[in-house]
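input-v3.cif (mmCIF, C-alpha atoms) appears below.
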data_structure
#
loop_
_atom_site.label_atom_id
_atom_site.label_comp_id
_atom_site.auth_asym_id
_atom_site.auth_seq_id
_atom_site.Cartn_x
_atom_site.Cartn_y
_atom_site.Cartn_z
CA MET A 519 53.42 28.60 -54.90
CA SER A 520 53.38 25.16 -56.43
CA ILE A 521 52.17 21.94 -54.86
CA SER A 522 55.47 20.44 -55.92
CA GLY A 523 57.42 21.56 -52.88
CA ARG A 524 58.22 20.82 -49.25
CA ASP A 525 55.16 22.76 -48.04
CA SER A 526 52.94 20.26 -49.84
CA LEU A 527 54.86 17.10 -48.94
CA LYS A 528 52.73 16.24 -45.87
CA SER A 529 49.47 16.81 -47.77
CA LEU A 530 50.62 14.76 -50.74
CA ALA A 531 51.82 11.92 -48.50
CA PHE A 532 48.53 11.70 -46.62
CA LEU A 533 46.47 11.93 -49.81
CA TYR A 534 48.54 9.27 -51.59
CA LEU A 535 48.49 6.97 -48.55
CA THR A 536 44.74 7.36 -48.12
CA PHE A 537 44.26 6.66 -51.80
CA GLY A 538 46.45 3.57 -51.75
CA HIS A 539 44.88 2.06 -48.66
CA SER A 540 41.26 3.22 -48.53
CA THR A 541 40.32 2.08 -52.01
CA ASP A 542 40.98 -1.61 -51.36
CA GLY A 543 41.93 -1.90 -47.69
CA ALA A 544 45.55 -2.76 -48.39
CA LEU A 545 48.74 -1.06 -49.46
CA SER A 546 51.13 -3.40 -51.25
CA MET A 547 54.89 -2.94 -51.12
CA ASP A 548 54.79 -2.06 -54.82
CA GLU A 549 52.22 0.65 -54.10
CA MET A 550 54.30 1.94 -51.17
CA ARG A 551 57.40 2.12 -53.38
CA ALA A 552 55.41 3.94 -56.07
CA LEU A 553 54.07 6.34 -53.43
CA ALA A 554 57.58 7.14 -52.15
CA ASP A 555 58.89 7.48 -55.71
CA ARG A 556 56.11 9.88 -56.66
CA LEU A 557 56.66 12.00 -53.57
CA GLY A 558 60.33 12.22 -54.53
CA ARG A 559 59.40 13.37 -58.01
CA ARG A 560 56.95 15.96 -56.69
CA VAL A 561 59.46 17.29 -54.16
CA PRO A 562 62.90 16.69 -55.68
CA GLU A 563 64.67 18.80 -53.04
CA ALA A 564 63.59 16.34 -50.32
CA ASP A 565 66.04 13.54 -49.62
CA LEU A 566 65.02 9.93 -49.02
CA ASP A 567 65.23 10.28 -45.23
CA GLU A 568 62.88 13.27 -45.28
CA ILE A 569 60.40 11.45 -47.51
CA ALA A 570 60.56 8.37 -45.27
CA GLU A 571 59.86 10.49 -42.18
CA VAL A 572 56.91 12.21 -43.84
CA ILE A 573 55.48 8.85 -44.91
CA LYS A 574 55.92 7.46 -41.37
CA ALA A 575 54.10 10.49 -39.96
CA ALA A 576 51.31 10.11 -42.53
CA VAL A 577 50.94 6.42 -41.62
CA ALA A 578 50.72 7.29 -37.92
CA ASP A 579 48.14 10.01 -38.60
CA TYR A 580 46.18 7.66 -40.84
CA LYS A 581 46.15 4.82 -38.29
CA ALA A 582 44.91 7.18 -35.56
CA LEU A 583 41.73 7.97 -37.50
CA ASP A 584 38.63 5.95 -38.35
CA ALA A 585 37.60 5.48 -41.99
CA GLY A 586 35.36 8.54 -42.15
CA ALA A 587 37.91 10.78 -40.49
CA ARG A 588 40.63 9.52 -42.84
CA LEU A 589 38.62 10.58 -45.87
CA ALA A 590 37.75 13.92 -44.25
CA GLN A 591 41.44 14.53 -43.53
CA ALA A 592 42.32 13.60 -47.13
CA ARG A 593 39.74 16.15 -48.34
CA GLN A 594 41.32 18.81 -46.12
CA HIS A 595 44.73 18.03 -47.58
CA THR A 596 43.25 18.15 -51.08
CA ASP A 597 41.77 21.59 -50.34
CA SER A 598 45.19 22.74 -49.15
CA LEU A 599 46.80 21.45 -52.33
CA ARG A 600 44.16 23.15 -54.50
CA ALA A 601 44.91 26.49 -52.84
CA ASN A 602 48.53 26.23 -53.99
CA ALA A 603 48.08 24.51 -57.37
CA GLU A 604 49.79 25.94 -60.43
CA ALA A 605 49.40 24.93 -64.06
CA GLY A 606 50.40 21.31 -64.47
CA ASP A 607 50.26 20.46 -60.76
CA VAL A 608 46.80 18.94 -60.89
CA GLN A 609 47.66 16.64 -63.78
CA ALA A 610 50.90 15.65 -62.04
CA VAL A 611 48.99 14.62 -58.90
CA LEU A 612 46.46 12.67 -60.96
CA ASP A 613 49.32 10.95 -62.81
CA ASP A 614 50.85 10.07 -59.43
CA LEU A 615 47.59 8.51 -58.27
CA ARG A 616 47.34 6.45 -61.46
CA GLU A 617 50.93 5.28 -61.04
CA ILE A 618 50.29 4.25 -57.43
CA ALA A 619 47.06 2.49 -58.46
CA SER A 620 48.75 0.54 -61.23
CA ALA A 621 51.75 -0.49 -59.11
CA ASP A 622 49.97 -3.65 -57.98
CA GLY A 623 48.95 -4.48 -61.55
CA ASN A 624 45.30 -3.54 -61.12
CA ILE A 625 43.38 -0.27 -61.17
CA SER A 626 40.09 -0.91 -59.39
CA ALA A 627 36.79 0.88 -59.87
CA GLU A 628 37.25 2.35 -56.37
CA GLU A 629 40.64 3.74 -57.37
CA GLU A 630 39.19 5.26 -60.54
CA LYS A 631 36.43 6.90 -58.49
CA PHE A 632 38.91 8.29 -55.97
CA ILE A 633 41.02 9.72 -58.81
CA ALA A 634 37.91 11.32 -60.37
CA ASP A 635 36.93 12.79 -56.99
CA VAL A 636 40.42 14.26 -56.48
CA ALA A 637 40.36 15.64 -60.03
CA ALA A 638 37.05 17.37 -59.34
CA ALA A 639 38.27 18.70 -55.98
CA LEU A 640 41.48 20.05 -57.52
CA GLY A 641 39.67 21.53 -60.49
CA GLY A 642 41.25 19.18 -63.01
CA ALA A 643 39.86 16.87 -65.64
#
As a first step, turn the structure in this file into structure tokens.
Amino acid sequence: MSISGRDSLKSLAFLYLTFGHSTDGALSMDEMRALADRLGRRVPEADLDEIAEVIKAAVADYKALDAGARLAQARQHTDSLRANAEAGDVQAVLDDLREIASADGNISAEEEKFIADVAAALGGA
């Protein structure tokens, strides 16, 4: 199984949302558009309505947690993704994170660290 499918959509959405918000405390509209675009690329069989619903659910889940629990939940989703990763999946996720990070015109040190942590957790470089 690949992490580029519907089964991984919820995990990817929560991971991408946590990344976009937790690294600088804000999620710009450009970052949100990049997040939605990247989910669509990862899961091309999902239509825009499905992606929007998954993002809404991820936002609700995210808001219900405190900062520590958000990161713990993101780690759980990362572990789930790692269990299903195939060749190329890890790099695709890391590319997605870089795209989301650069959407606001700035890749912060916190974003770089988060990307490195996800790379290590997924077994990538």
Could you give me the centre and size, in Å to one decimal, of an axis-aligned box around all listed atoms of region 554-572 of chain A with 4 Å added on every side, as JSON?
{"center_x": 61.1, "center_y": 13.0, "center_z": -50.1, "size_x": 17.9, "size_y": 19.7, "size_z": 23.8}
message = If I take CA of Ala578 (chain A) and CA of Gly641 (chain A), how far is one from the other in Å, to one decimal?
response =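 According to the coordinates, CA of Ala578 (chain A) and CA of Gly641 (chain A) are separated by 28.9 Å.
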query = By how many Å are CA of Phe632 (chain A) and CA of Asp565 (chain A) apart?
reply = 28.4 Å
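The shell of residues at most 8 Å from region 593-610 of chain A, with all atoms listed in the file counted and near chain neighbours (fewer than 2 positions) removed, consists of Met519, Ser520, Ile521, Ser522, Ser526, Ser529, Leu530, Phe532, Leu533, Leu589, Ala590, Gln591, Leu612, Asp613, Asp614, Val636, Ala637, Ala639, Leu640, Gly641 and Gly642 of chain A.
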inquiry  = Could you tell me, as a list in words, exactly which residues end up selected when the PyMOL selection byres ((chain A and resi 546) around 12) is applied to this structure?
reply    = Leu535, Gly538, His539, Asp542, Gly543, Ala544, Leu545, Met547, Asp548, Glu549, Met550, Arg551, Ala552, Leu553, Ile618, Ala619, Ser620, Ala621, Asp622, Gly623 and Asn624 of chain A
request  = Between CA of Val572 (chain A) and CA of Ala634 (chain A), measure the distance and give it in Å to one decimal.
outcome  =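 About the pair CA of Val572 (chain A) and CA of Ala634 (chain A): they are 25.2 Å apart.
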ask   = Can you find the residues with an atom no farther than 9 Å from (60.6, 7.2, -47.9), counting all atoms listed in the file, and report them as a VMD selection string?
value = chain A and resid 550 to 551 553 to 555 557 to 558 565 to 574
